[in-house]
Structure formats: C-alpha cells, structure tokens
>>> print(open('upload.cif').read())   # mmCIF, C-alpha atoms, pLDDT in the B column; chains and numbers go by the auth columns
data_final
#
loop_
_atom_site.group_PDB
_atom_site.id
_atom_site.type_symbol
_atom_site.label_atom_id
_atom_site.label_comp_id
_atom_site.label_asym_id
_atom_site.label_seq_id
_atom_site.Cartn_x
_atom_site.Cartn_y
_atom_site.Cartn_z
_atom_site.B_iso_or_equiv
_atom_site.auth_seq_id
_atom_site.auth_asym_id
ATOM 1 C CA MET A 1 -33.498 -102.406 -35.458 89.00 275 A
ATOM 2 C CA MET A 2 -30.216 -104.129 -34.518 95.00 276 A
ATOM 3 C CA HIS A 3 -27.437 -103.507 -37.031 97.00 277 A
ATOM 4 C CA LEU A 4 -25.695 -106.821 -36.323 98.00 278 A
ATOM 5 C CA THR A 5 -27.565 -110.112 -36.160 98.00 279 A
ATOM 6 C CA ARG A 6 -26.885 -113.836 -36.218 98.00 280 A
ATOM 7 C CA HIS A 7 -30.215 -114.575 -37.868 97.00 281 A
ATOM 8 C CA ARG A 8 -31.268 -114.594 -41.519 97.00 282 A
ATOM 9 C CA LEU A 9 -31.713 -111.109 -42.941 98.00 283 A
ATOM 10 C CA GLU A 10 -35.292 -110.210 -43.787 97.00 284 A
ATOM 11 C CA VAL A 11 -35.620 -107.574 -46.514 97.00 285 A
ATOM 12 C CA ALA A 12 -39.238 -106.877 -45.529 98.00 286 A
ATOM 13 C CA ASP A 13 -38.067 -105.778 -42.073 97.00 287 A
ATOM 14 C CA LEU A 14 -35.617 -103.275 -43.580 97.00 288 A
ATOM 15 C CA LEU A 15 -38.209 -101.966 -46.018 98.00 289 A
ATOM 16 C CA ALA A 16 -40.590 -101.372 -43.129 98.00 290 A
ATOM 17 C CA GLU A 17 -37.907 -99.175 -41.530 97.00 291 A
ATOM 18 C CA VAL A 18 -37.349 -96.901 -44.530 98.00 292 A
ATOM 19 C CA GLN A 19 -40.463 -96.734 -46.693 97.00 293 A
ATOM 20 C CA SER A 20 -43.134 -94.068 -46.364 97.00 294 A
ATOM 21 C CA ALA A 21 -45.769 -92.393 -48.486 97.00 295 A
ATOM 22 C CA GLU A 22 -43.502 -89.464 -49.415 97.00 296 A
ATOM 23 C CA ARG A 23 -40.565 -91.672 -50.453 98.00 297 A
ATOM 24 C CA GLY A 24 -41.324 -92.863 -53.968 98.00 298 A
ATOM 25 C CA GLY A 25 -38.008 -94.600 -54.732 98.00 299 A
ATOM 26 C CA THR A 26 -36.564 -97.511 -52.789 98.00 300 A
ATOM 27 C CA CYS A 27 -33.288 -99.249 -53.505 98.00 301 A
ATOM 28 C CA VAL A 28 -32.184 -102.511 -51.862 98.00 302 A
ATOM 29 C CA PHE A 29 -28.684 -103.956 -51.928 98.00 303 A
ATOM 30 C CA LEU A 30 -28.034 -107.540 -50.824 98.00 304 A
ATOM 31 C CA GLY A 31 -24.592 -109.051 -50.533 97.00 305 A
ATOM 32 C CA THR A 32 -24.790 -112.850 -50.681 97.00 306 A
ATOM 33 C CA VAL A 33 -22.195 -115.545 -50.179 96.00 307 A
ATOM 34 C CA ARG A 34 -20.769 -116.743 -53.512 94.00 308 A
ATOM 35 C CA ASN A 35 -19.731 -120.308 -54.354 92.00 309 A
ATOM 36 C CA ASP A 36 -16.183 -119.271 -55.363 89.00 310 A
ATOM 37 C CA ALA A 37 -13.743 -122.181 -55.768 86.00 311 A
ATOM 38 C CA GLY A 38 -15.444 -124.749 -53.571 91.00 312 A
ATOM 39 C CA VAL A 39 -16.639 -122.282 -50.932 95.00 313 A
ATOM 40 C CA THR A 40 -19.597 -123.682 -48.995 96.00 314 A
ATOM 41 C CA GLY A 41 -20.020 -120.843 -46.536 97.00 315 A
ATOM 42 C CA ILE A 42 -18.360 -117.873 -44.882 97.00 316 A
ATOM 43 C CA ASP A 43 -17.896 -117.418 -41.157 97.00 317 A
ATOM 44 C CA TYR A 44 -18.186 -113.700 -40.304 98.00 318 A
ATOM 45 C CA THR A 45 -16.693 -112.223 -37.140 97.00 319 A
ATOM 46 C CA ALA A 46 -16.706 -108.630 -35.994 97.00 320 A
ATOM 47 C CA TYR A 47 -15.363 -106.231 -33.445 97.00 321 A
ATOM 48 C CA GLU A 48 -19.007 -105.790 -32.579 97.00 322 A
ATOM 49 C CA ALA A 49 -18.994 -102.674 -30.396 96.00 323 A
ATOM 50 C CA MET A 50 -16.853 -100.764 -32.893 96.00 324 A
ATOM 51 C CA ALA A 51 -18.819 -102.066 -35.877 97.00 325 A
ATOM 52 C CA VAL A 52 -22.082 -100.800 -34.398 97.00 326 A
ATOM 53 C CA GLU A 53 -20.539 -97.372 -33.738 95.00 327 A
ATOM 54 C CA GLU A 54 -19.098 -97.229 -37.249 95.00 328 A
ATOM 55 C CA ILE A 55 -22.469 -98.180 -38.785 97.00 329 A
ATOM 56 C CA GLU A 56 -24.122 -95.375 -36.796 97.00 330 A
ATOM 57 C CA ARG A 57 -21.481 -92.947 -38.098 96.00 331 A
ATOM 58 C CA ILE A 58 -21.961 -94.100 -41.700 97.00 332 A
ATOM 59 C CA LEU A 59 -25.749 -93.727 -41.460 98.00 333 A
ATOM 60 C CA ALA A 60 -25.416 -90.276 -39.852 98.00 334 A
ATOM 61 C CA GLU A 61 -23.081 -89.112 -42.648 97.00 335 A
ATOM 62 C CA THR A 62 -25.493 -90.509 -45.242 98.00 336 A
ATOM 63 C CA HIS A 63 -28.361 -88.642 -43.632 97.00 337 A
ATOM 64 C CA GLU A 64 -26.375 -85.386 -43.742 98.00 338 A
ATOM 65 C CA ARG A 65 -25.663 -85.836 -47.437 98.00 339 A
ATOM 66 C CA TRP A 66 -29.143 -87.040 -48.467 98.00 340 A
ATOM 67 C CA PRO A 67 -31.443 -85.550 -45.804 98.00 341 A
ATOM 68 C CA ASP A 68 -34.644 -86.733 -47.503 97.00 342 A
ATOM 69 C CA ALA A 69 -33.456 -90.321 -47.752 98.00 343 A
ATOM 70 C CA ARG A 70 -33.891 -92.912 -45.047 98.00 344 A
ATOM 71 C CA VAL A 71 -31.409 -95.760 -44.953 98.00 345 A
ATOM 72 C CA MET A 72 -31.133 -98.921 -42.870 98.00 346 A
ATOM 73 C CA LEU A 73 -28.477 -101.601 -42.840 98.00 347 A
ATOM 74 C CA GLN A 74 -28.054 -104.995 -41.233 98.00 348 A
ATOM 75 C CA HIS A 75 -24.962 -107.187 -41.312 98.00 349 A
ATOM 76 C CA ARG A 76 -25.230 -110.854 -40.430 98.00 350 A
ATOM 77 C CA LEU A 77 -22.477 -112.587 -38.411 98.00 351 A
ATOM 78 C CA GLY A 78 -21.587 -116.237 -37.855 98.00 352 A
ATOM 79 C CA LEU A 79 -21.585 -119.017 -40.428 97.00 353 A
ATOM 80 C CA ILE A 80 -23.542 -118.054 -43.539 98.00 354 A
ATOM 81 C CA PRO A 81 -24.111 -120.681 -46.241 97.00 355 A
ATOM 82 C CA VAL A 82 -23.669 -119.986 -49.964 97.00 356 A
ATOM 83 C CA GLY A 83 -26.639 -118.118 -51.396 97.00 357 A
ATOM 84 C CA GLU A 84 -27.706 -116.430 -48.175 98.00 358 A
ATOM 85 C CA ALA A 85 -27.224 -112.721 -47.524 98.00 359 A
ATOM 86 C CA SER A 86 -24.477 -111.367 -45.293 98.00 360 A
ATOM 87 C CA ILE A 87 -25.545 -107.751 -45.671 98.00 361 A
ATOM 88 C CA ALA A 88 -28.760 -105.954 -46.545 98.00 362 A
ATOM 89 C CA ILE A 89 -29.144 -102.225 -47.169 98.00 363 A
ATOM 90 C CA ALA A 90 -32.414 -100.450 -47.926 98.00 364 A
ATOM 91 C CA ALA A 91 -32.568 -96.796 -48.958 98.00 365 A
ATOM 92 C CA ALA A 92 -35.786 -94.910 -49.664 98.00 366 A
ATOM 93 C CA ALA A 93 -36.026 -91.338 -50.898 98.00 367 A
ATOM 94 C CA PRO A 94 -38.584 -89.121 -52.633 98.00 368 A
ATOM 95 C CA HIS A 95 -36.876 -89.884 -55.985 97.00 369 A
ATOM 96 C CA ARG A 96 -34.707 -92.745 -57.258 97.00 370 A
ATOM 97 C CA ASP A 97 -31.439 -90.843 -57.764 98.00 371 A
ATOM 98 C CA ALA A 98 -31.015 -90.213 -54.051 98.00 372 A
ATOM 99 C CA ALA A 99 -32.099 -93.753 -53.161 98.00 373 A
ATOM 100 C CA PHE A 100 -29.480 -95.333 -55.461 98.00 374 A
ATOM 101 C CA ALA A 101 -26.766 -92.865 -54.419 98.00 375 A
ATOM 102 C CA ALA A 102 -27.355 -93.285 -50.681 98.00 376 A
ATOM 103 C CA CYS A 103 -27.444 -97.078 -50.975 98.00 377 A
ATOM 104 C CA ARG A 104 -24.205 -97.129 -52.981 98.00 378 A
ATOM 105 C CA HIS A 105 -22.514 -94.762 -50.542 98.00 379 A
ATOM 106 C CA VAL A 106 -23.370 -97.025 -47.600 98.00 380 A
ATOM 107 C CA ILE A 107 -22.091 -100.272 -49.139 98.00 381 A
ATOM 108 C CA GLU A 108 -18.817 -98.631 -50.219 97.00 382 A
ATOM 109 C CA ALA A 109 -18.311 -97.194 -46.706 97.00 383 A
ATOM 110 C CA VAL A 110 -19.089 -100.601 -45.182 97.00 384 A
ATOM 111 C CA LYS A 111 -16.404 -102.253 -47.318 95.00 385 A
ATOM 112 C CA LYS A 112 -13.794 -99.676 -46.308 94.00 386 A
ATOM 113 C CA ARG A 113 -14.620 -99.116 -42.660 94.00 387 A
ATOM 114 C CA LEU A 114 -16.456 -101.908 -40.815 96.00 388 A
ATOM 115 C CA PRO A 115 -14.249 -104.041 -38.537 97.00 389 A
ATOM 116 C CA ILE A 116 -15.659 -107.315 -39.858 97.00 390 A
ATOM 117 C CA TRP A 117 -13.718 -110.312 -41.130 97.00 391 A
ATOM 118 C CA LYS A 118 -14.613 -113.355 -43.146 96.00 392 A
ATOM 119 C CA LYS A 119 -13.224 -116.850 -43.155 96.00 393 A
ATOM 120 C CA GLU A 120 -14.117 -118.950 -46.195 96.00 394 A
ATOM 121 C CA LEU A 121 -15.044 -122.564 -45.525 96.00 395 A
ATOM 122 C CA ARG A 122 -14.600 -125.079 -48.349 95.00 396 A
ATOM 123 C CA GLY A 123 -16.170 -128.423 -49.110 91.00 397 A
ATOM 124 C CA ASP A 124 -12.816 -130.197 -48.597 93.00 398 A
ATOM 125 C CA GLY A 125 -12.744 -129.011 -44.966 93.00 399 A
ATOM 126 C CA SER A 126 -10.164 -126.258 -45.506 94.00 400 A
ATOM 127 C CA GLU A 127 -10.610 -122.705 -44.203 94.00 401 A
ATOM 128 C CA GLN A 128 -9.058 -119.405 -45.210 93.00 402 A
ATOM 129 C CA TRP A 129 -9.247 -115.848 -43.900 94.00 403 A
ATOM 130 C CA VAL A 130 -10.141 -113.399 -46.649 91.00 404 A
ATOM 131 C CA GLU A 131 -7.665 -110.541 -46.468 81.00 405 A
ATOM 132 C CA ALA A 132 -7.570 -109.189 -49.984 61.00 406 A
ATOM 133 C CA HIS A 133 -9.436 -106.076 -51.020 54.00 407 A
ATOM 134 C CA ASP A 134 -10.297 -107.516 -54.397 47.00 408 A
ATOM 135 C CA HIS A 135 -13.498 -109.298 -53.295 45.00 409 A
ATOM 136 C CA ARG A 136 -15.844 -106.437 -54.046 42.00 410 A
ATOM 137 C CA MET B 1 4.375 -97.939 -16.594 88.00 1343 B
ATOM 138 C CA GLY B 2 0.704 -98.188 -17.513 93.00 1344 B
ATOM 139 C CA LYS B 3 -1.554 -101.084 -18.368 96.00 1345 B
ATOM 140 C CA VAL B 4 -3.194 -101.007 -21.803 97.00 1346 B
ATOM 141 C CA SER B 5 -5.875 -103.452 -22.958 98.00 1347 B
ATOM 142 C CA VAL B 6 -5.163 -105.172 -26.246 98.00 1348 B
ATOM 143 C CA ARG B 7 -7.685 -106.942 -28.455 98.00 1349 B
ATOM 144 C CA PHE B 8 -6.950 -109.226 -31.372 98.00 1350 B
ATOM 145 C CA PHE B 9 -9.401 -110.171 -34.092 97.00 1351 B
ATOM 146 C CA ALA B 10 -9.734 -112.824 -36.801 96.00 1352 B
ATOM 147 C CA ARG B 11 -6.315 -114.032 -38.033 96.00 1353 B
ATOM 148 C CA TYR B 12 -4.457 -111.870 -35.514 97.00 1354 B
ATOM 149 C CA ALA B 13 -6.297 -113.629 -32.661 97.00 1355 B
ATOM 150 C CA GLU B 14 -5.025 -116.931 -34.043 96.00 1356 B
ATOM 151 C CA LEU B 15 -1.472 -115.533 -34.230 97.00 1357 B
ATOM 152 C CA ALA B 16 -1.646 -114.171 -30.672 98.00 1358 B
ATOM 153 C CA GLY B 17 -3.350 -117.259 -29.293 97.00 1359 B
ATOM 154 C CA CYS B 18 -5.951 -115.116 -27.521 97.00 1360 B
ATOM 155 C CA SER B 19 -8.465 -112.423 -28.334 97.00 1361 B
ATOM 156 C CA TRP B 20 -7.935 -110.205 -25.326 96.00 1362 B
ATOM 157 C CA SER B 21 -4.980 -109.339 -23.115 97.00 1363 B
ATOM 158 C CA ALA B 22 -3.177 -106.440 -21.526 97.00 1364 B
ATOM 159 C CA VAL B 23 0.391 -105.188 -21.778 97.00 1365 B
ATOM 160 C CA ASN B 24 2.430 -102.778 -19.703 96.00 1366 B
ATOM 161 C CA VAL B 25 4.041 -99.868 -21.525 96.00 1367 B
ATOM 162 C CA GLN B 26 5.688 -96.622 -20.524 95.00 1368 B
ATOM 163 C CA THR B 27 2.784 -94.154 -20.781 90.00 1369 B
ATOM 164 C CA PRO B 28 2.053 -91.914 -22.497 91.00 1370 B
ATOM 165 C CA ALA B 29 2.924 -94.181 -25.398 96.00 1371 B
ATOM 166 C CA THR B 30 1.933 -94.415 -29.041 97.00 1372 B
ATOM 167 C CA VAL B 31 -0.063 -97.179 -30.676 98.00 1373 B
ATOM 168 C CA ALA B 32 3.199 -98.201 -32.386 98.00 1374 B
ATOM 169 C CA ASP B 33 4.860 -98.602 -28.947 97.00 1375 B
ATOM 170 C CA VAL B 34 2.008 -100.840 -27.814 98.00 1376 B
ATOM 171 C CA ILE B 35 2.351 -102.942 -30.969 98.00 1377 B
ATOM 172 C CA SER B 36 6.121 -103.326 -30.371 97.00 1378 B
ATOM 173 C CA ARG B 37 5.402 -104.571 -26.855 97.00 1379 B
ATOM 174 C CA VAL B 38 2.716 -106.930 -28.200 98.00 1380 B
ATOM 175 C CA ARG B 39 5.227 -108.459 -30.627 97.00 1381 B
ATOM 176 C CA GLU B 40 7.536 -109.220 -27.663 97.00 1382 B
ATOM 177 C CA VAL B 41 4.824 -110.690 -25.419 97.00 1383 B
ATOM 178 C CA PHE B 42 3.011 -112.642 -28.157 97.00 1384 B
ATOM 179 C CA PRO B 43 5.739 -113.862 -30.553 97.00 1385 B
ATOM 180 C CA GLY B 44 3.119 -115.210 -32.979 97.00 1386 B
ATOM 181 C CA THR B 45 2.092 -111.629 -33.731 97.00 1387 B
ATOM 182 C CA GLN B 46 5.479 -110.959 -35.320 97.00 1388 B
ATOM 183 C CA ALA B 47 3.777 -112.370 -38.428 96.00 1389 B
ATOM 184 C CA MET B 48 1.493 -109.310 -38.502 96.00 1390 B
ATOM 185 C CA PRO B 49 2.468 -106.732 -41.118 96.00 1391 B
ATOM 186 C CA PRO B 50 4.893 -103.997 -39.996 95.00 1392 B
ATOM 187 C CA ARG B 51 2.087 -101.409 -39.863 96.00 1393 B
ATOM 188 C CA PRO B 52 -1.190 -103.164 -39.036 97.00 1394 B
ATOM 189 C CA LEU B 53 -4.532 -101.379 -38.896 96.00 1395 B
ATOM 190 C CA ALA B 54 -5.340 -100.346 -35.341 97.00 1396 B
ATOM 191 C CA ALA B 55 -8.204 -98.879 -33.373 97.00 1397 B
ATOM 192 C CA LEU B 56 -7.885 -96.897 -30.152 97.00 1398 B
ATOM 193 C CA ASN B 57 -10.986 -96.996 -27.940 96.00 1399 B
ATOM 194 C CA GLN B 58 -13.093 -98.230 -30.884 94.00 1400 B
ATOM 195 C CA ARG B 59 -11.940 -95.688 -33.467 93.00 1401 B
ATOM 196 C CA GLN B 60 -9.452 -96.380 -36.245 94.00 1402 B
ATOM 197 C CA VAL B 61 -6.280 -94.357 -35.644 97.00 1403 B
ATOM 198 C CA LYS B 62 -2.823 -93.862 -37.071 97.00 1404 B
ATOM 199 C CA LEU B 63 0.048 -95.591 -35.339 98.00 1405 B
ATOM 200 C CA ASP B 64 1.384 -92.338 -33.860 97.00 1406 B
ATOM 201 C CA ALA B 65 -1.827 -91.784 -31.827 98.00 1407 B
ATOM 202 C CA THR B 66 -1.216 -91.291 -28.097 97.00 1408 B
ATOM 203 C CA VAL B 67 -2.180 -94.100 -25.718 97.00 1409 B
ATOM 204 C CA LYS B 68 -2.908 -93.538 -22.024 96.00 1410 B
ATOM 205 C CA GLU B 69 -3.173 -95.993 -19.151 96.00 1411 B
ATOM 206 C CA GLY B 70 -6.486 -97.862 -19.330 97.00 1412 B
ATOM 207 C CA ASP B 71 -6.955 -97.337 -23.078 97.00 1413 B
ATOM 208 C CA GLU B 72 -7.913 -100.174 -25.389 97.00 1414 B
ATOM 209 C CA VAL B 73 -5.854 -100.865 -28.505 98.00 1415 B
ATOM 210 C CA ALA B 74 -7.394 -103.232 -31.067 98.00 1416 B
ATOM 211 C CA LEU B 75 -5.348 -104.818 -33.851 98.00 1417 B
ATOM 212 C CA LEU B 76 -7.403 -105.256 -36.996 97.00 1418 B
ATOM 213 C CA PRO B 77 -6.554 -107.491 -39.954 97.00 1419 B
ATOM 214 C CA PRO B 78 -7.445 -106.024 -43.374 96.00 1420 B
ATOM 215 C CA LEU B 79 -11.202 -105.377 -43.233 95.00 1421 B
ATOM 216 C CA SER B 80 -13.437 -107.648 -45.283 92.00 1422 B
ATOM 217 C CA GLY B 81 -17.014 -106.871 -44.262 90.00 1423 B
ATOM 218 C CA GLY B 82 -20.005 -106.763 -46.542 91.00 1424 B
#
>>> encode(input="upload.cif", output="structure tokens")
Amino acid sequence: MMHLTRHRLEVADLLAEVQSAERGGTCVFLGTVRNDAGVTGIDYTAYEAMAVEEIERILAETHERWPDARVMLQHRLGLIPVGEASIAIAAAAPHRDAAFAACRHVIEAVKKRLPIWKKELRGDGSEQWVEAHDHR
Amino acid sequence: MGKVSVRFFARYAELAGCSWSAVNVQTPATVADVISRVREVFPGTQAMPPRPLAALNQRQVKLDATVKEGDEVALLPPLSGG
C-alpha cells in the first residue's frame, strides 16, 4: 500500500492491511480537515521521498515496540476539502491496549517528524501556510 | 568549491522563488554554511528563521552536519503534517 496518495482515503483498505484472526483489537485514527475560521480546505504538500522514508522508519520503530501489532498509515496530499480525511492510521493487535498505544505513537510521530506542510484556503479567497505547532 | 543541491518547500519555496537549485560552497562545509550561501543567492530566503529545520540527503540533521559535494540540503518550514 502506498503511504502517500492524492486520492480519498479508504479506511476499509487500511483495515484489510492490518486485521487478522489473531488480532482481536483494532484502532483507527482519522485526521480530517476542520472548518476553522472560514477554512474551506487545506492544500497539503510534502517532501515526498523523505516523507515515505520517515513513515517507513516510524512503522519499523512501532513494530519493534509492539511486535504483535500491525500498523498501516496513509497520508493524503493535494487539496482536501473540509470534512475529508488527510491522514488515516489503522492498528490491530491481539488486545486493545497495544492497538491504542501503537496508533497513538504513530500519529504523534507523524506530527513531529513528517516533512509535510499545509496551506489553509478560506472562503474569501485568502490562503495561509500553517506553521504553528498548536494545531494538534 | 563544490556544488550542493538545495531544495525548498512550502513557504520557503515561495521565499526563494524556486523549489530546487544548487549553490557552490567551499567543501567540506556545514549545513549552516550552505544556508548562509543560500541567503546570499536567494535574498528572499533571508526571511527564513536564523536556524531553520534542515534535512541532508533526506534525513533531518543539525546545522553543524558536514556537507560534501553532490549532497542535497533541504530547507524545511515548521512541519505541519497529519
């Protein structure tokens, strides 16, 4: 599965990558574009080659820490309208604790490490790069 | 002198006026040396913070990391993925 895509994210596709008969707990995180202060959409750009490498590193670290869990992540790029998902993470493990923990670990690492940037587009035609770390 | 590839992303690409270029620096250099040269060649990038995030050959590094001829330095605005 490609980690970066310009298409809509499909949760069912991620679930198919992680679920199995021995994994009884599955946790899904979706990050969706909010309608903050007139925002109509967010245009996501990435340093794609580095982002893919960093995602691979994050998933490898997660696997080391929770060896029984299986985790998959996709980040969408390009213009994403309000209400649609920019990121989807699915984590499945034999029990729920590991599924929640692995999923949380991945989204926090994504926020800190992925070379991805967002530009907010507003209904009045204005645009603004998001550079603050307070949009969590 | 050695040629080093430089990549700009997001707001920094707007400041530089391009997303890819190359600069000549005395190698071996540091990432900070490359950034100083970038500020001379692309005056718009003087609006970048004094110590921007940087990646060397696709890995985030500190500004004292050593740069060789042919390396790629990427200048990264504050990350906002997710």
>>> closest_atom_pairs(input="upload.cif", of="chain B", to="chain A", cutoff="8 Å", atoms="only C-alpha atoms", output="JSON lines")
{"residue": "B:Phe1351", "atom": "CA", "partner": "A:Tyr321", "partner_atom": "CA", "distance": 7.2}
{"residue": "B:Ala1352", "atom": "CA", "partner": "A:Trp391", "partner_atom": "CA", "distance": 6.4}
{"residue": "B:Arg1353", "atom": "CA", "partner": "A:Trp403", "partner_atom": "CA", "distance": 6.8}
{"residue": "B:Gln1400", "atom": "CA", "partner": "A:Met324", "partner_atom": "CA", "distance": 5.0}
{"residue": "B:Arg1401", "atom": "CA", "partner": "A:Met324", "partner_atom": "CA", "distance": 7.1}
{"residue": "B:Leu1418", "atom": "CA", "partner": "A:Pro389", "partner_atom": "CA", "distance": 7.1}
{"residue": "B:Pro1419", "atom": "CA", "partner": "A:Glu405", "partner_atom": "CA", "distance": 7.3}
{"residue": "B:Pro1420", "atom": "CA", "partner": "A:Glu405", "partner_atom": "CA", "distance": 5.5}
{"residue": "B:Leu1421", "atom": "CA", "partner": "A:Pro389", "partner_atom": "CA", "distance": 5.8}
{"residue": "B:Ser1422", "atom": "CA", "partner": "A:Trp391", "partner_atom": "CA", "distance": 4.9}
{"residue": "B:Gly1423", "atom": "CA", "partner": "A:Ile390", "partner_atom": "CA", "distance": 4.6}
{"residue": "B:Gly1424", "atom": "CA", "partner": "A:Ile361", "partner_atom": "CA", "distance": 5.7}
>>> closest_residue(input="upload.cif", among="B:Asp1375, B:Lys1410, B:Phe1350, B:Gln1368", to="Ala1397 in chain B", atoms="only C-alpha atoms")
B:Phe1350
>>> resolve_selection(input="upload.cif", expression="the PyMOL selection byres ((chain B and resi 1411) around 8)", output="PyMOL selection string")
chain B and resi 1344-1346+1369-1370+1409-1410+1412-1413
>>> axis_aligned_box(input="upload.cif", around="range 1364-1381 of chain B", padding_each_side="3 Å", output="lines of an AutoDock Vina configuration file")
center_x = 1.5
center_y = -100.2
center_z = -26.0
size_x = 15.3
size_y = 22.5
size_z = 18.7
>>> atom_distance(input="upload.cif", atom1="CA of Met346 in chain A", atom2="CA of Ala372 in chain A")
14.2 Å
>>> resolve_selection(input="upload.cif", expression="the PyMOL selection byres ((chain A and resi 309) around 12)", output="PyMOL selection string")
chain A and resi 306-308+310-316+354-358+394-397
>>> residues_near_point(input="upload.cif", point="(1.9, -121.4, -30.9)", cutoff="9 Å", atoms="only C-alpha atoms", output="PyMOL selection string")
chain B and resi 1356-1359+1385-1386
>>> closest_residue(input="upload.cif", among="B:Val1348, B:Leu1417, B:Val1367, B:Ser1361", to="Leu1395 in chain B", atoms="all atoms listed in the file")
B:Leu1417
>>> closest_residue(input="upload.cif", among="B:Ala1396, B:Gln1402, B:Met1343, B:Gln1388", to="Val1373 in chain B", atoms="all atoms listed in the file")
B:Ala1396
>>> closest_residue(input="upload.cif", among="A:Val302, A:Ala334, A:Leu347, A:Ala295", to="Leu278 in chain A", atoms="only C-alpha atoms")
A:Leu347
>>> closest_residue(input="upload.cif", among="A:Leu288, A:Ile332, A:Ser400, A:Met275", to="Thr300 in chain A", atoms="all atoms listed in the file")
A:Leu288
>>> residues_around(input="upload.cif", residues="Arg1349 in chain B", least_positions_apart="4", cutoff="9 Å", atoms="all atoms listed in the file", output="ChimeraX atom specification")
/B:1355,1360-1364,1414-1418
>>> residues_around(input="upload.cif", residues="range 364-371 of chain A", least_positions_apart="3", cutoff="10 Å", atoms="all atoms listed in the file", output="number ranges by chain")
A: 285-304, 340-348, 374-378, 380
>>> atom_distance(input="upload.cif", atom1="CA of Asp1406 in chain B", atom2="CA of Val1383 in chain B")
20.5 Å
>>> atom_distance(input="upload.cif", atom1="CA of Ala1374 in chain B", atom2="CA of Arg1393 in chain B")
8.2 Å
>>> build_atoms(input="upload.cif", residues="range 1365-1378 of chain B", atoms="N, CA, C and O atoms", output="compact mmCIF listing (two decimals), in the coordinates of the input")
# COMPACT_ATOMS: atom_id res chain seq x y z
N VAL B 1365 -1.07 -105.30 -21.84
CA VAL B 1365 0.39 -105.19 -21.78
C VAL B 1365 0.74 -103.93 -20.98
O VAL B 1365 -0.05 -102.99 -20.89
N ASN B 1366 1.92 -103.96 -20.41
CA ASN B 1366 2.43 -102.78 -19.70
C ASN B 1366 3.38 -102.02 -20.61
O ASN B 1366 4.29 -102.61 -21.20
N VAL B 1367 3.15 -100.72 -20.73
CA VAL B 1367 4.04 -99.87 -21.52
C VAL B 1367 4.31 -98.59 -20.74
O VAL B 1367 3.56 -98.24 -19.83
N GLN B 1368 5.38 -97.93 -21.11
CA GLN B 1368 5.69 -96.62 -20.52
C GLN B 1368 4.69 -95.62 -21.10
O GLN B 1368 4.71 -95.37 -22.30
N THR B 1369 3.78 -95.09 -20.26
CA THR B 1369 2.78 -94.15 -20.78
C THR B 1369 3.18 -92.72 -20.45
O THR B 1369 3.83 -92.50 -19.42
N PRO B 1370 2.79 -91.71 -21.25
CA PRO B 1370 2.05 -91.91 -22.50
C PRO B 1370 2.91 -92.59 -23.57
O PRO B 1370 4.10 -92.33 -23.65
N ALA B 1371 2.24 -93.44 -24.34
CA ALA B 1371 2.92 -94.18 -25.40
C ALA B 1371 2.21 -93.89 -26.70
O ALA B 1371 1.22 -93.14 -26.73
N THR B 1372 2.68 -94.48 -27.78
CA THR B 1372 1.93 -94.42 -29.04
C THR B 1372 1.39 -95.81 -29.33
O THR B 1372 1.82 -96.80 -28.72
N VAL B 1373 0.46 -95.87 -30.26
CA VAL B 1373 -0.06 -97.18 -30.68
C VAL B 1373 1.10 -98.05 -31.18
O VAL B 1373 1.15 -99.24 -30.89
N ALA B 1374 2.05 -97.44 -31.88
CA ALA B 1374 3.20 -98.20 -32.39
C ALA B 1374 4.01 -98.80 -31.23
O ALA B 1374 4.48 -99.94 -31.33
N ASP B 1375 4.14 -98.06 -30.12
CA ASP B 1375 4.86 -98.60 -28.95
C ASP B 1375 4.14 -99.83 -28.40
O ASP B 1375 4.76 -100.81 -28.01
N VAL B 1376 2.80 -99.72 -28.34
CA VAL B 1376 2.01 -100.84 -27.81
C VAL B 1376 2.20 -102.07 -28.71
O VAL B 1376 2.38 -103.19 -28.23
N ILE B 1377 2.20 -101.82 -30.04
CA ILE B 1377 2.35 -102.94 -30.97
C ILE B 1377 3.74 -103.59 -30.80
O ILE B 1377 3.87 -104.82 -30.82
N SER B 1378 4.77 -102.76 -30.58
CA SER B 1378 6.12 -103.33 -30.37
C SER B 1378 6.12 -104.24 -29.15
O SER B 1378 6.71 -105.33 -29.16
